[in-house]
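Novice: Enclosed is the structure file structure00.cif (mmCIF, C-alpha atoms and all ligand atoms).
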data_run
loop_
_atom_site.group_PDB
_atom_site.id
_atom_site.type_symbol
_atom_site.label_atom_id
_atom_site.label_comp_id
_atom_site.auth_asym_id
_atom_site.auth_seq_id
_atom_site.Cartn_x
_atom_site.Cartn_y
_atom_site.Cartn_z
ATOM 1 C CA MET A 1 197.734 79.454 56.951
ATOM 2 C CA GLU A 2 201.226 80.839 56.474
ATOM 3 C CA VAL A 3 204.169 79.442 58.442
ATOM 4 C CA ILE A 4 207.535 81.115 58.837
ATOM 5 C CA ARG A 5 210.351 79.328 60.631
ATOM 6 C CA ILE A 6 212.952 81.424 62.423
ATOM 7 C CA PRO A 7 215.649 79.360 64.144
ATOM 8 C CA ALA A 8 216.151 81.590 67.180
ATOM 9 C CA GLY A 9 218.523 81.871 70.093
ATOM 10 C CA ILE A 10 221.895 80.275 70.665
ATOM 11 C CA TYR A 11 220.342 76.791 70.690
ATOM 12 C CA ALA A 12 218.525 77.400 67.370
ATOM 13 C CA ALA A 13 215.128 76.307 68.614
ATOM 14 C CA ASN A 14 212.572 76.767 65.859
ATOM 15 C CA CYS A 15 210.418 79.815 66.421
ATOM 16 C CA TYR A 16 207.337 79.785 64.177
ATOM 17 C CA LEU A 17 205.231 82.682 63.041
ATOM 18 C CA VAL A 18 201.856 81.254 62.066
ATOM 19 C CA TYR A 19 199.293 83.620 60.629
ATOM 20 C CA ASP A 20 196.136 84.032 58.647
ATOM 21 C CA GLU A 21 196.928 85.807 55.375
ATOM 22 C CA ASP A 22 193.494 87.490 55.205
ATOM 23 C CA THR A 23 193.386 89.108 58.639
ATOM 24 C CA LYS A 24 197.163 89.226 59.285
ATOM 25 C CA GLU A 25 196.464 87.920 62.782
ATOM 26 C CA GLY A 26 198.969 85.428 64.046
ATOM 27 C CA ILE A 27 200.707 83.658 66.885
ATOM 28 C CA VAL A 28 204.367 83.174 67.738
ATOM 29 C CA ILE A 29 205.339 79.683 68.831
ATOM 30 C CA ASP A 30 208.467 79.298 71.010
ATOM 31 C CA PRO A 31 210.481 82.526 70.764
ATOM 32 C CA GLY A 32 213.816 81.189 72.028
ATOM 33 C CA GLY A 33 215.783 84.402 71.541
ATOM 34 C CA ASP A 34 216.828 86.707 68.691
ATOM 35 C CA VAL A 35 213.793 88.854 69.428
ATOM 36 C CA ASP A 36 214.979 91.522 66.963
ATOM 37 C CA ASP A 37 214.821 89.019 64.095
ATOM 38 C CA ILE A 38 211.331 87.890 65.116
ATOM 39 C CA ILE A 39 210.083 91.476 65.440
ATOM 40 C CA ALA A 40 211.601 92.371 62.048
ATOM 41 C CA GLN A 41 209.536 89.596 60.437
ATOM 42 C CA ILE A 42 206.392 90.639 62.281
ATOM 43 C CA ASP A 43 206.837 94.232 61.111
ATOM 44 C CA LYS A 44 207.740 93.281 57.560
ATOM 45 C CA LEU A 45 204.565 91.211 57.234
ATOM 46 C CA ASP A 46 202.505 93.754 59.199
ATOM 47 C CA LEU A 47 201.179 91.069 61.562
ATOM 48 C CA LYS A 48 199.068 91.453 64.671
ATOM 49 C CA ILE A 49 200.345 88.883 67.162
ATOM 50 C CA LYS A 50 197.548 87.654 69.426
ATOM 51 C CA TYR A 51 199.362 85.028 71.457
ATOM 52 C CA ILE A 52 202.823 83.745 72.285
ATOM 53 C CA VAL A 53 202.311 79.991 72.613
ATOM 54 C CA LEU A 54 204.931 77.742 74.190
ATOM 55 C CA THR A 55 205.220 74.070 73.267
ATOM 56 C CA HIS A 56 206.977 73.595 76.607
ATOM 57 C CA GLY A 57 208.843 75.485 79.284
ATOM 58 C CA HIS A 58 212.527 74.873 78.477
ATOM 59 C CA GLY A 59 214.934 77.814 78.380
ATOM 60 C CA ASP A 60 215.904 77.376 74.735
ATOM 61 C CA HIS A 61 212.246 77.920 73.701
ATOM 62 C CA ILE A 62 211.337 80.770 76.040
ATOM 63 C CA ALA A 63 214.337 83.110 76.240
ATOM 64 C CA GLY A 64 212.676 85.625 73.887
ATOM 65 C CA VAL A 65 209.233 85.584 75.501
ATOM 66 C CA GLU A 66 209.512 88.701 77.622
ATOM 67 C CA GLY A 67 211.109 90.811 74.905
ATOM 68 C CA LEU A 68 208.451 89.772 72.440
ATOM 69 C CA LYS A 69 205.640 90.313 74.897
ATOM 70 C CA SER A 70 206.718 93.854 75.662
ATOM 71 C CA TYR A 71 206.690 94.633 71.920
ATOM 72 C CA THR A 72 203.511 92.794 70.852
ATOM 73 C CA LYS A 73 201.486 92.933 74.112
ATOM 74 C CA ALA A 74 200.393 89.382 73.257
ATOM 75 C CA ASP A 75 199.355 87.012 76.030
ATOM 76 C CA ILE A 76 201.708 84.157 76.907
ATOM 77 C CA ALA A 77 200.136 80.690 76.872
ATOM 78 C CA VAL A 78 201.703 77.520 78.277
ATOM 79 C CA HIS A 79 200.259 74.195 79.432
ATOM 80 C CA LYS A 80 199.384 74.207 83.123
ATOM 81 C CA ASP A 81 201.812 71.370 83.851
ATOM 82 C CA ASP A 82 204.755 73.494 82.641
ATOM 83 C CA GLU A 83 203.768 76.605 84.615
ATOM 84 C CA ALA A 84 206.295 75.683 87.318
ATOM 85 C CA LEU A 85 209.041 75.486 84.671
ATOM 86 C CA VAL A 86 208.566 78.954 83.157
ATOM 87 C CA LYS A 87 208.496 80.485 86.643
ATOM 88 C CA ASP A 88 211.769 78.887 87.757
ATOM 89 C CA GLY A 89 215.123 79.257 85.995
ATOM 90 C CA SER A 90 216.564 76.081 87.456
ATOM 91 C CA LYS A 91 213.500 74.013 86.496
ATOM 92 C CA ASN A 92 213.495 75.398 82.928
ATOM 93 C CA LEU A 93 217.289 74.903 82.732
ATOM 94 C CA SER A 94 217.934 78.524 81.658
ATOM 95 C CA SER A 95 220.008 79.184 84.786
ATOM 96 C CA MET A 96 222.563 76.726 83.345
ATOM 97 C CA MET A 97 222.317 78.079 79.784
ATOM 98 C CA ALA A 98 224.152 80.905 78.068
ATOM 99 C CA THR A 99 220.787 82.716 77.832
ATOM 100 C CA GLY A 100 220.936 83.531 81.536
ATOM 101 C CA THR A 101 218.045 82.904 83.897
ATOM 102 C CA VAL A 102 214.594 83.250 82.319
ATOM 103 C CA GLU A 103 211.545 83.411 84.597
ATOM 104 C CA PHE A 104 208.081 84.882 84.002
ATOM 105 C CA ASP A 105 204.397 84.471 84.812
ATOM 106 C CA PRO A 106 202.269 83.136 81.950
ATOM 107 C CA ASP A 107 198.919 84.819 81.160
ATOM 108 C CA ILE A 108 197.029 81.712 80.032
ATOM 109 C CA LEU A 109 197.322 78.138 81.323
ATOM 110 C CA LEU A 110 196.390 75.613 78.651
ATOM 111 C CA ASN A 111 194.653 72.257 78.922
ATOM 112 C CA GLU A 112 194.177 69.341 76.534
ATOM 113 C CA GLY A 113 191.488 70.233 73.999
ATOM 114 C CA ASP A 114 191.754 74.012 74.314
ATOM 115 C CA ILE A 115 191.368 75.983 71.100
ATOM 116 C CA ILE A 116 193.412 79.116 70.451
ATOM 117 C CA LYS A 117 191.735 81.312 67.842
ATOM 118 C CA PHE A 118 193.494 83.885 65.665
ATOM 119 C CA GLY A 119 192.215 85.293 62.398
ATOM 120 C CA ASN A 120 190.268 82.506 60.711
ATOM 121 C CA LEU A 121 192.530 79.845 62.187
ATOM 122 C CA GLU A 122 192.288 77.554 65.196
ATOM 123 C CA ALA A 123 195.169 75.963 67.064
ATOM 124 C CA HIS A 124 194.040 72.821 68.885
ATOM 125 C CA VAL A 125 196.013 72.021 72.022
ATOM 126 C CA ILE A 126 197.170 68.402 72.285
ATOM 127 C CA HIS A 127 198.839 67.517 75.559
ATOM 128 C CA THR A 128 201.949 65.514 74.640
ATOM 129 C CA PRO A 129 203.910 65.004 77.884
ATOM 130 C CA GLY A 130 207.186 63.108 78.138
ATOM 131 C CA HIS A 131 209.922 65.614 77.222
ATOM 132 C CA THR A 132 208.351 67.813 79.920
ATOM 133 C CA PRO A 133 205.128 67.230 81.909
ATOM 134 C CA GLY A 134 203.310 70.094 80.188
ATOM 135 C CA GLY A 135 204.569 69.593 76.652
ATOM 136 C CA ILE A 136 201.980 70.305 73.978
ATOM 137 C CA SER A 137 201.638 69.929 70.263
ATOM 138 C CA LEU A 138 199.467 72.334 68.279
ATOM 139 C CA LYS A 139 197.258 71.144 65.421
ATOM 140 C CA ILE A 140 196.551 73.945 62.961
ATOM 141 C CA GLU A 141 194.825 72.961 59.715
ATOM 142 C CA ASN A 142 196.809 69.989 58.372
ATOM 143 C CA ALA A 143 199.959 70.705 60.372
ATOM 144 C CA LEU A 144 201.308 69.705 63.773
ATOM 145 C CA PHE A 145 203.767 71.848 65.720
ATOM 146 C CA THR A 146 205.401 69.247 67.913
ATOM 147 C CA GLY A 147 207.950 71.155 70.014
ATOM 148 C CA ASP A 148 210.568 68.794 71.423
ATOM 149 C CA THR A 149 208.234 65.777 71.350
ATOM 150 C CA LEU A 150 208.797 64.657 67.748
ATOM 151 C CA PHE A 151 211.627 65.609 65.368
ATOM 152 C CA ALA A 152 212.469 64.524 61.829
ATOM 153 C CA GLY A 153 214.176 61.189 62.487
ATOM 154 C CA SER A 154 214.227 61.448 66.267
ATOM 155 C CA ILE A 155 212.304 62.313 69.430
ATOM 156 C CA GLY A 156 212.889 64.662 72.351
ATOM 157 C CA ARG A 157 215.188 63.837 75.229
ATOM 158 C CA THR A 158 213.611 62.324 78.309
ATOM 159 C CA ASP A 159 216.686 62.275 80.547
ATOM 160 C CA PHE A 160 216.056 65.745 82.003
ATOM 161 C CA GLU A 161 214.364 66.042 85.352
ATOM 162 C CA TYR A 162 210.574 65.627 84.859
ATOM 163 C CA GLY A 163 211.098 63.673 81.610
ATOM 164 C CA SER A 164 209.516 60.288 80.904
ATOM 165 C CA PHE A 165 210.342 57.977 78.001
ATOM 166 C CA GLU A 166 207.129 56.030 78.570
ATOM 167 C CA ASP A 167 205.071 59.221 78.422
ATOM 168 C CA ILE A 168 206.716 60.586 75.280
ATOM 169 C CA MET A 169 206.227 57.308 73.414
ATOM 170 C CA ASN A 170 202.596 57.237 74.533
ATOM 171 C CA SER A 171 202.147 60.852 73.357
ATOM 172 C CA ILE A 172 203.648 60.091 69.953
ATOM 173 C CA LYS A 173 201.990 56.750 69.288
ATOM 174 C CA ASN A 174 198.557 57.355 70.774
ATOM 175 C CA LYS A 175 198.102 61.036 70.017
ATOM 176 C CA LEU A 176 200.290 62.360 67.188
ATOM 177 C CA LEU A 177 200.258 59.246 64.993
ATOM 178 C CA GLU A 178 196.443 59.197 65.141
ATOM 179 C CA PHE A 179 196.391 62.085 62.660
ATOM 180 C CA PRO A 180 196.427 61.446 58.890
ATOM 181 C CA GLU A 181 199.766 60.368 57.401
ATOM 182 C CA GLU A 182 200.008 63.434 55.170
ATOM 183 C CA THR A 183 199.966 65.724 58.238
ATOM 184 C CA ARG A 184 202.919 68.082 58.072
ATOM 185 C CA VAL A 185 205.146 68.203 61.182
ATOM 186 C CA TYR A 186 206.975 71.337 62.301
ATOM 187 C CA PRO A 187 209.327 70.319 65.144
ATOM 188 C CA GLY A 188 211.034 72.385 67.824
ATOM 189 C CA HIS A 189 214.459 71.789 66.250
ATOM 190 C CA GLY A 190 215.508 70.935 62.710
ATOM 191 C CA PRO A 191 213.584 70.594 59.454
ATOM 192 C CA ALA A 192 209.896 69.920 58.846
ATOM 193 C CA THR A 193 208.664 66.415 58.052
ATOM 194 C CA THR A 194 205.398 64.462 57.744
ATOM 195 C CA LEU A 195 203.850 61.751 59.889
ATOM 196 C CA LYS A 196 204.169 59.378 56.934
ATOM 197 C CA MET A 197 207.894 59.973 56.684
ATOM 198 C CA GLU A 198 208.347 59.437 60.437
ATOM 199 C CA LYS A 199 206.308 56.205 60.399
ATOM 200 C CA GLN A 200 208.606 54.924 57.657
ATOM 201 C CA SER A 201 211.988 56.101 58.864
ATOM 202 C CA ASN A 202 212.019 57.338 62.489
ATOM 203 C CA PRO A 203 213.883 54.641 64.480
ATOM 204 C CA PHE A 204 211.805 55.367 67.601
ATOM 205 C CA ILE A 205 208.537 54.778 65.749
ATOM 206 C CA ARG A 206 209.352 52.213 63.053
ATOM 207 C CA GLN A 207 209.274 48.556 64.133
HETATM 208 ZN ZN ZN B 301 213.004 71.104 75.458
HETATM 209 ZN ZN ZN B 302 214.459 72.444 72.595
#
Show me the file's structure as structure tokens.
Ligand SMILES: [Zn+2]
Ligand SMILES: [Zn+2]
Specialist:
Amino acid sequence: MEVIRIPAGIYAANCYLVYDEDTKEGIVIDPGGDVDDIIAQIDKLDLKIKYIVLTHGHGDHIAGVEGLKSYTKADIAVHKDDEALVKDGSKNLSSMMATGTVEFDPDILLNEGDIIKFGNLEAHVIHTPGHTPGGISLKIENALFTGDTLFAGSIGRTDFEYGSFEDIMNSIKNKLLEFPEETRVYPGHGPATTLKMEKQSNPFIRQ
């Protein structure tokens, strides 16, 4: 597995290109804007993008979806509980963002336990609600892509409409922290970390 992080869009949400080096098939996680930069990387590496996968439906993670879809023809996948967000600019907050209103129909609605296959890789869908109702994390090999659920040293906000502090803590403690400590974590904002590091130093987890 190869992972390339492209902080994209005016809110610098992490967009990840994840691909299989043998087949050059890959997915794009959370294209939040700067579609030209993302496409330049895809072309440079000669990748075939099979899916655009969204960790959740907020504007800062989805503003580049339509531009990227028209270039790659990849299907857009989002958890079923965030379908309402991507279809509605006020629910996904984009109507209040500098991105302008972003609304689209997803191609694939995801559920807990779904497996997204590309090349010789599998992305396992883990429903991690709390930041949004349909937030997901993706487990690919020994890495977790956690969106705005878990960051290095922090967790996602739960004060937006549809957020739940109880749910996000349940998602982190009972789902994400069940994986081995050496699991690498690629969050929706900021640098990568590991579950071990977060258990030791994240103030929301440590106690
Ligand atoms: Zn968010
Ligand atoms: Zn975000």
Novice: Would you translate the PyMOL selection byres (((not hetatm)) within 10 of (chain B and resi 301)) into the concrete set of residues it matches in this file, as a list of chain:residue names?
Specialist: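 Taken on the displayed file, the PyMOL selection byres (((not hetatm)) within 10 of (chain B and resi 301)) yields the residues A:Ala13, A:Thr55, A:His56, A:Gly57, A:His58, A:Gly59, A:Asp60, A:His61, A:Ile62, A:Asn92, A:Leu93, A:His131, A:Thr132, A:Gly135, A:Gly147, A:Asp148, A:Thr149, A:Gly156, A:Arg157, A:Thr158, A:Phe160, A:Gly163, A:Gly188, A:His189.
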Novice: Pick out the residues sitting within 6 Å of stretch 22-34 of chain A, and hand them over as a list of chain:residue names; count only C-alpha atoms, and ignore anything fewer than 6 positions along from it in its own chain.
Specialist: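 What passes the distance filter is A:Ala8, A:Gly9, A:Cys15, A:Tyr16, A:Leu47, A:Lys48, A:Ile49, A:Lys50, A:Tyr51, A:Ile52, A:Val53, A:Leu54, A:Asp60, A:His61, A:Ile62, A:Ala63, A:Gly64, A:Val65, A:Phe118, A:Gly119.
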Novice: Specify as JSON, numbers by chain each residue included when the PyMOL selection byres (((chain A and resi 80) around 8) and not hetatm) is applied to this file.
Specialist: {"A": [78, 79, 81, 82, 83, 109, 110, 111, 134]}
Novice: Identify the residues around (210.0, 58.0, 57.9) within a radius of 12 Å, measuring from all atoms listed in the file in the coordinates stated by the file, and give them as a PyMOL selection string.
Specialist: chain A and resi 150-154+181-182+185+192-207
Novice: Please dump the current selection as a JSON list (two decimals), keeping the file's coordinate frame; keep C-alpha atoms.
Specialist:
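What landed in selection15.json:
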[["chain", "number", "residue", "atom", "x", "y", "z"],
["A", 150, "LEU", "CA", 208.80, 64.66, 67.75],
["A", 151, "PHE", "CA", 211.63, 65.61, 65.37],
["A", 152, "ALA", "CA", 212.47, 64.52, 61.83],
["A", 153, "GLY", "CA", 214.18, 61.19, 62.49],
["A", 154, "SER", "CA", 214.23, 61.45, 66.27],
["A", 181, "GLU", "CA", 199.77, 60.37, 57.40],
["A", 182, "GLU", "CA", 200.01, 63.43, 55.17],
["A", 185, "VAL", "CA", 205.15, 68.20, 61.18],
["A", 192, "ALA", "CA", 209.90, 69.92, 58.85],
["A", 193, "THR", "CA", 208.66, 66.42, 58.05],
["A", 194, "THR", "CA", 205.40, 64.46, 57.74],
["A", 195, "LEU", "CA", 203.85, 61.75, 59.89],
["A", 196, "LYS", "CA", 204.17, 59.38, 56.93],
["A", 197, "MET", "CA", 207.89, 59.97, 56.68],
["A", 198, "GLU", "CA", 208.35, 59.44, 60.44],
["A", 199, "LYS", "CA", 206.31, 56.20, 60.40],
["A", 200, "GLN", "CA", 208.61, 54.92, 57.66],
["A", 201, "SER", "CA", 211.99, 56.10, 58.86],
["A", 202, "ASN", "CA", 212.02, 57.34, 62.49],
["A", 203, "PRO", "CA", 213.88, 54.64, 64.48],
["A", 204, "PHE", "CA", 211.80, 55.37, 67.60],
["A", 205, "ILE", "CA", 208.54, 54.78, 65.75],
["A", 206, "ARG", "CA", 209.35, 52.21, 63.05],
["A", 207, "GLN", "CA", 209.27, 48.56, 64.13]]
Novice: Taking all atoms listed in the file into account, which of A:Pro180, A:Gly67, A:Pro133, A:Pro7 comes nearest ligand ZN 302 (chain B)?
Specialist: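 Closest to ligand ZN 302 (chain B) of all the choices is A:Pro7.
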Novice: Kindly indicate which residue among A:Ile10, A:Asp36, A:Thr72, A:Glu141 lies nearest to A:Thr99, using only C-alpha atoms for the distances.
Specialist: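 Using only C-alpha atoms, the shortest distance to A:Thr99 belongs to A:Ile10.
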Novice: On this structure, which residues satisfy the PyMOL selection byres (((chain A and resi 124) around 8) and not hetatm), written as a PyMOL selection string?
Specialist: chain A and resi 113-116+122-123+125-126+138-140
Novice: Could you tell me how far atom CA of A:Val18 lies from atom CA of A:Ile136, in Å and to one decimal?
Specialist: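 Taking atom CA of A:Val18 and atom CA of A:Ile136, their separation equals 16.2 Å.
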Novice: Here is a test: counting all atoms listed in the file, which residue of A:Ser94, A:Asn142, A:Ser70, A:Thr183 is nearest to ligand ZN 302 (chain B)?
Specialist: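 Result for the nearest residue to ligand ZN 302 (chain B): A:Ser94.
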Novice: To one decimal place in Å, what is the distance between atom CA of A:Met96 and atom CA of A:Leu68?
Specialist: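 A separation of 22.1 Å between them.
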Novice: As an exercise, work out the distance from atom CA of A:Ile4 to atom CA of A:Ile42 in Å and give it to one decimal place.
Specialist: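 Interatomic distance here is 10.2 Å.
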Novice: Find the spatial neighbours of A:Ser164, counting all atoms listed in the file, within a cut-off of 8 Å - ignore same-chain residues fewer than 2 positions away - and output them as a list in words.
Specialist: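 Near neighbours after the sequence-gap exclusion: Pro129, Gly130, His131, Thr132, Thr158, Asp159, Tyr162, Glu166, Asp167 and Ile168 of chain A.
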Novice: Using all atoms listed in the file, which of A:Ala98, A:Leu121, A:Ile39, A:Ala12 sits nearest ligand ZN 302 (chain B)?
Specialist: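 Among the listed residues, A:Ala12 lies closest to ligand ZN 302 (chain B).
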